[in-house]
Amino acid sequence: MSTTADVSAAPRIESITDFKRLANRLRIDIIKMIGTAGSGHPGGSLSEVELLTALYFRVMRHNPKDPAWPDRDRFILSKGHGCPALYAVMAEAGYIDKSAMNTLRKMGSPFQGHPDRRFFPAIEANTGSLGQGLSMGIGMALAAKLDKKDWHTFVMIGDGESQEGQNWEAAMFAPYHKLQNLTLIVDYNHIQLDGFVKDILDISPLVEKFEAFGWRTLAIDGHDFNQVIPALETARSAKDGKPTCIVANTVKGKGVSFMENTAKWHGVAPNPEQVAAAVAELEAAAKKL
């Protein structure tokens with residue numbers, strides 16, 4: 001049976017510079033993956049890279065050699081269309097062969113267009129029907145509390161996704177049941193499928209709303225590891241009975257200048273010329289790190 005000693009198998013990065021280099025490399029993987037597939041969601045995948053990297057390479061307790069380890073922390077990517085970033089991170093962490101990433105969205109590939117446990121058992125939940133991930137995370141956090149286990153559940157939602165009413169039922173439930181072992185991360189990149197969130201159904205002031213529901217709420221720059229890592233570590237170690245909501249301000253399409261802050265790149269794959277241009281830009285950025 002697995003024990004807490006297994007935590008030593010979790011990959012860990014210490015240097016902020018190394019984190020930045022990894023994030024840059026993952027963005028290249030994401031662009032190539034989606035470009036090869038000819039479909040996918042680059043904008044929201046690129047905006048969540050630092051958040052996922054900090055989780056899997058510093059904050060979460062997990063073991064790629066034993067994905068079903070009972071005492072692992074759980075992560076649910078509720079915004080399932082952002083799964084290329086999750087796949088890239090988990091492949092880098094050792095959960096799956098990186099060479100298979102070029103099979104994204106192909107029949108039988110573990111890299112489906114939305115996370116699917118049937119193909120990739122290390123995924124905690126099938127997601128992509130928006131608004132459901134926080135409720136699933138609450139179920140996991142509540143189970144840990146009832147079983148007196150100390151593992152933590154992290155859930156990431158999109159800002160457009162937060163318009164779904166189920167999130168707000170869940171937002172009431174978690175503080176009421178004192179789920180301090182639950183962290184919600186909002187990838188607040190300000191753009192949803194067909195435009196800016198503020199122009200479609202404004203969700204602001206998001207921090208104040210979660211505070212009013214009884215959450216410990218932190219607002220950070222979701223691309224600054226010096227803010228991302230401490231916020232996640234604070235949430236992971238909380239003991240005051242409150243769940244944590246991290247509102248991470250991010251940039252849609254981060255790292256690729258022609259994709260940044262543009263609604264078009266929510267769900268459009270780059271063509272070969274655009275892939276080449278994006279990769280060249282990211283490679284140039286890598287040389288400066």
# chains A, B, ... in the order shown; residues from 1 in each chain; ligands from 1
call {"tool": "closest_atom_pairs", "arguments": {"of": "stretch 215-279 of chain A", "to": "stretch 59-83 of chain A", "cutoff": "10 Å", "atoms": "only C-alpha atoms", "output": "Markdown table"}}
result
| residue | atom | partner | partner_atom | distance |
| --- | --- | --- | --- | --- |
| A:Ile229 | CA | A:Val59 | CA | 7.3 |
| A:Pro230 | CA | A:Val59 | CA | 9.2 |
| A:Ala231 | CA | A:Val59 | CA | 9.9 |
| A:Leu232 | CA | A:Val59 | CA | 6.7 |
| A:Glu233 | CA | A:Val59 | CA | 6.0 |
| A:Thr234 | CA | A:Val59 | CA | 9.7 |
| A:Ala235 | CA | A:Val59 | CA | 9.7 |
| A:Arg236 | CA | A:Val59 | CA | 7.5 |
| A:Ser237 | CA | A:Val59 | CA | 10.0 |
| A:His266 | CA | A:His81 | CA | 9.4 |
| A:Gly267 | CA | A:His81 | CA | 8.5 |
call {"tool": "residues_around", "arguments": {"residues": "stretch 160-162 of chain A", "least_positions_apart": "2", "cutoff": "8 Å", "atoms": "only C-alpha atoms", "output": "ChimeraX atom specification"}}
result
/A:79,130-131,157-158,164-165,167,190-192,197,203
call {"tool": "write_last_selection", "arguments": {"atoms": "N, CA and C atoms", "output": "short mmCIF file (atom, residue, chain, number, x, y, z; two decimals), in the first residue's frame"}}
result
data_model
loop_
_atom_site.label_atom_id
_atom_site.label_comp_id
_atom_site.auth_asym_id
_atom_site.auth_seq_id
_atom_site.Cartn_x
_atom_site.Cartn_y
_atom_site.Cartn_z
N LYS A 79 -12.79 24.04 -16.42
CA LYS A 79 -12.79 24.60 -17.78
C LYS A 79 -12.05 23.61 -18.68
N LEU A 130 -19.59 23.06 -18.63
CA LEU A 130 -19.12 24.11 -17.72
C LEU A 130 -20.04 24.30 -16.51
N GLY A 131 -19.42 24.65 -15.39
CA GLY A 131 -20.14 24.97 -14.17
C GLY A 131 -20.21 23.84 -13.17
N ILE A 157 -11.69 27.10 -12.53
CA ILE A 157 -12.78 27.45 -13.43
C ILE A 157 -12.36 28.65 -14.27
N GLY A 158 -13.08 28.86 -15.36
CA GLY A 158 -12.86 30.05 -16.16
C GLY A 158 -13.74 31.19 -15.70
N GLU A 164 -22.14 30.54 -14.70
CA GLU A 164 -23.04 29.42 -14.49
C GLU A 164 -23.57 29.43 -13.05
N GLY A 165 -24.86 29.29 -12.89
CA GLY A 165 -25.47 29.38 -11.57
C GLY A 165 -25.03 28.31 -10.60
N ASN A 167 -22.21 27.26 -9.93
CA ASN A 167 -21.04 27.72 -9.17
C ASN A 167 -21.45 28.44 -7.89
N HIS A 190 -10.56 37.39 -18.72
CA HIS A 190 -11.44 38.47 -19.15
C HIS A 190 -12.11 38.28 -20.50
N ILE A 191 -11.88 37.11 -21.13
CA ILE A 191 -12.49 36.84 -22.44
C ILE A 191 -13.13 35.46 -22.42
N GLN A 192 -14.34 35.36 -22.98
CA GLN A 192 -14.98 34.07 -23.14
C GLN A 192 -15.17 33.80 -24.63
N VAL A 197 -15.77 39.28 -21.20
CA VAL A 197 -16.73 38.90 -20.16
C VAL A 197 -17.56 40.10 -19.71
N ILE A 203 -19.02 39.77 -14.37
CA ILE A 203 -18.96 39.02 -13.12
C ILE A 203 -18.33 39.82 -11.98
#
call {"tool": "residues_around", "arguments": {"residues": "A:Phe196", "least_positions_apart": "2", "cutoff": "12 Å", "atoms": "only C-alpha atoms", "output": "list of chain:residue names"}}
result
A:Asp159, A:Gly160, A:Tyr188, A:Asn189, A:His190, A:Ile191, A:Gln192, A:Leu193, A:Asp194, A:Lys198, A:Asp199, A:Ile200, A:Leu201, A:Asp202, A:Ile203, A:Val251, A:Lys252, A:Asn261, A:Thr262, A:Ala263, A:Lys264, A:His266
call {"tool": "closest_residue", "arguments": {"among": "A:Leu22, A:Val186, A:Met90, A:Ala9", "to": "A:Ala286", "atoms": "only C-alpha atoms"}}
result
A:Leu22
call {"tool": "select_by_dssp", "arguments": {"residues": "stretch 93-241 of chain A", "states": "helix (DSSP H, G or I)", "output": "PyMOL selection string"}}
result
chain A and resi 93+98-103+133-146+161-163+165-176+197-201+206-212+225-236
call {"tool": "closest_residue", "arguments": {"among": "A:Gly94, A:Pro205, A:Gly108, A:Pro84", "to": "A:Gly40", "atoms": "only C-alpha atoms"}}
result
A:Pro84
call {"tool": "closest_residue", "arguments": {"among": "A:Ala285, A:Leu52, A:Val256, A:Met107", "to": "A:Ala37", "atoms": "only C-alpha atoms"}}
result
A:Met107
call {"tool": "select_by_dssp", "arguments": {"residues": "stretch 88-256 of chain A", "states": "strand (DSSP E)", "output": "PyMOL selection string"}}
result
chain A and resi 153-158+182-188+191-192+195-196+216-221+244-249
call {"tool": "atom_distance", "arguments": {"atom1": "atom CA of A:Thr36", "atom2": "atom CA of A:Tyr87"}}
result
14.7 Å
call {"tool": "residues_around", "arguments": {"residues": "A:Gly38", "least_positions_apart": "5", "cutoff": "9 Å", "atoms": "only C-alpha atoms", "output": "list in words"}}
result
Met33, Arg105, Val268, Ala269, Pro270 and Asn271 of chain A
call {"tool": "closest_residue", "arguments": {"among": "A:Asn102, A:Glu169, A:Val275, A:Ala23", "to": "A:Val49", "atoms": "only C-alpha atoms"}}
result
A:Ala23
call {"tool": "closest_residue", "arguments": {"among": "A:Met136, A:Val279, A:Ala170, A:Val155", "to": "A:Gly214", "atoms": "only C-alpha atoms"}}
result
A:Ala170
call {"tool": "residues_around", "arguments": {"residues": "A:Lys254", "least_positions_apart": "4", "cutoff": "10 Å", "atoms": "only C-alpha atoms", "output": "PyMOL selection string"}}
result
chain A and resi 27+42-49+189+223+250+258-261
call {"tool": "write_last_selection", "arguments": {"atoms": "N, CA and C atoms", "output": "PDB file, in the first residue's frame"}}
result
ATOM      1  N   ARG A  27       4.237  26.262 -23.209  1.00  0.00           N
ATOM      2  CA  ARG A  27       3.460  27.028 -24.192  1.00  0.00           C
ATOM      3  C   ARG A  27       3.793  26.587 -25.619  1.00  0.00           C
ATOM      4  N   PRO A  42      -6.562  27.468 -27.830  1.00  0.00           N
ATOM      5  CA  PRO A  42      -5.254  27.982 -27.407  1.00  0.00           C
ATOM      6  C   PRO A  42      -5.322  29.096 -26.372  1.00  0.00           C
ATOM      7  N   GLY A  43      -6.291  30.012 -26.489  1.00  0.00           N
ATOM      8  CA  GLY A  43      -6.305  31.187 -25.624  1.00  0.00           C
ATOM      9  C   GLY A  43      -6.335  30.862 -24.148  1.00  0.00           C
ATOM     10  N   GLY A  44      -7.312  30.063 -23.737  1.00  0.00           N
ATOM     11  CA  GLY A  44      -7.454  29.715 -22.334  1.00  0.00           C
ATOM     12  C   GLY A  44      -6.461  28.686 -21.856  1.00  0.00           C
ATOM     13  N   SER A  45      -5.873  27.937 -22.777  1.00  0.00           N
ATOM     14  CA  SER A  45      -4.800  27.008 -22.394  1.00  0.00           C
ATOM     15  C   SER A  45      -3.538  27.787 -22.041  1.00  0.00           C
ATOM     16  N   LEU A  46      -3.238  28.808 -22.833  1.00  0.00           N
ATOM     17  CA  LEU A  46      -2.033  29.603 -22.592  1.00  0.00           C
ATOM     18  C   LEU A  46      -2.160  30.467 -21.343  1.00  0.00           C
ATOM     19  N   SER A  47      -3.381  30.858 -20.980  1.00  0.00           N
ATOM     20  CA  SER A  47      -3.546  31.754 -19.825  1.00  0.00           C
ATOM     21  C   SER A  47      -3.353  31.042 -18.491  1.00  0.00           C
ATOM     22  N   GLU A  48      -3.475  29.723 -18.458  1.00  0.00           N
ATOM     23  CA  GLU A  48      -3.450  28.996 -17.184  1.00  0.00           C
ATOM     24  C   GLU A  48      -2.114  28.313 -16.887  1.00  0.00           C
ATOM     25  N   VAL A  49      -1.115  28.521 -17.720  1.00  0.00           N
ATOM     26  CA  VAL A  49       0.129  27.749 -17.632  1.00  0.00           C
ATOM     27  C   VAL A  49       0.833  27.915 -16.291  1.00  0.00           C
ATOM     28  N   ASN A 189      -9.134  35.579 -17.307  1.00  0.00           N
ATOM     29  CA  ASN A 189      -8.460  36.148 -18.476  1.00  0.00           C
ATOM     30  C   ASN A 189      -9.345  37.142 -19.238  1.00  0.00           C
ATOM     31  N   HIS A 223       0.276  35.249 -13.775  1.00  0.00           N
ATOM     32  CA  HIS A 223       1.479  34.929 -14.544  1.00  0.00           C
ATOM     33  C   HIS A 223       2.763  35.201 -13.764  1.00  0.00           C
ATOM     34  N   THR A 250      -5.247  36.997 -15.503  1.00  0.00           N
ATOM     35  CA  THR A 250      -4.381  36.435 -16.535  1.00  0.00           C
ATOM     36  C   THR A 250      -4.676  37.087 -17.882  1.00  0.00           C
ATOM     37  N   PHE A 258       0.190  37.782 -31.070  1.00  0.00           N
ATOM     38  CA  PHE A 258      -0.990  37.940 -31.929  1.00  0.00           C
ATOM     39  C   PHE A 258      -2.221  37.212 -31.376  1.00  0.00           C
ATOM     40  N   MET A 259      -2.043  36.445 -30.309  1.00  0.00           N
ATOM     41  CA  MET A 259      -3.177  35.777 -29.667  1.00  0.00           C
ATOM     42  C   MET A 259      -3.648  36.491 -28.407  1.00  0.00           C
ATOM     43  N   GLU A 260      -2.808  37.302 -27.825  1.00  0.00           N
ATOM     44  CA  GLU A 260      -3.122  37.900 -26.530  1.00  0.00           C
ATOM     45  C   GLU A 260      -4.314  38.848 -26.595  1.00  0.00           C
ATOM     46  N   ASN A 261      -5.218  38.690 -25.600  1.00  0.00           N
ATOM     47  CA  ASN A 261      -6.379  39.573 -25.444  1.00  0.00           C
ATOM     48  C   ASN A 261      -7.259  39.647 -26.691  1.00  0.00           C
TER      49      ASN A 261
END
call {"tool": "closest_residue", "arguments": {"among": "A:Glu124, A:Asp29, A:Asp116, A:Asp147", "to": "A:Glu92", "atoms": "only C-alpha atoms"}}
result
A:Asp29
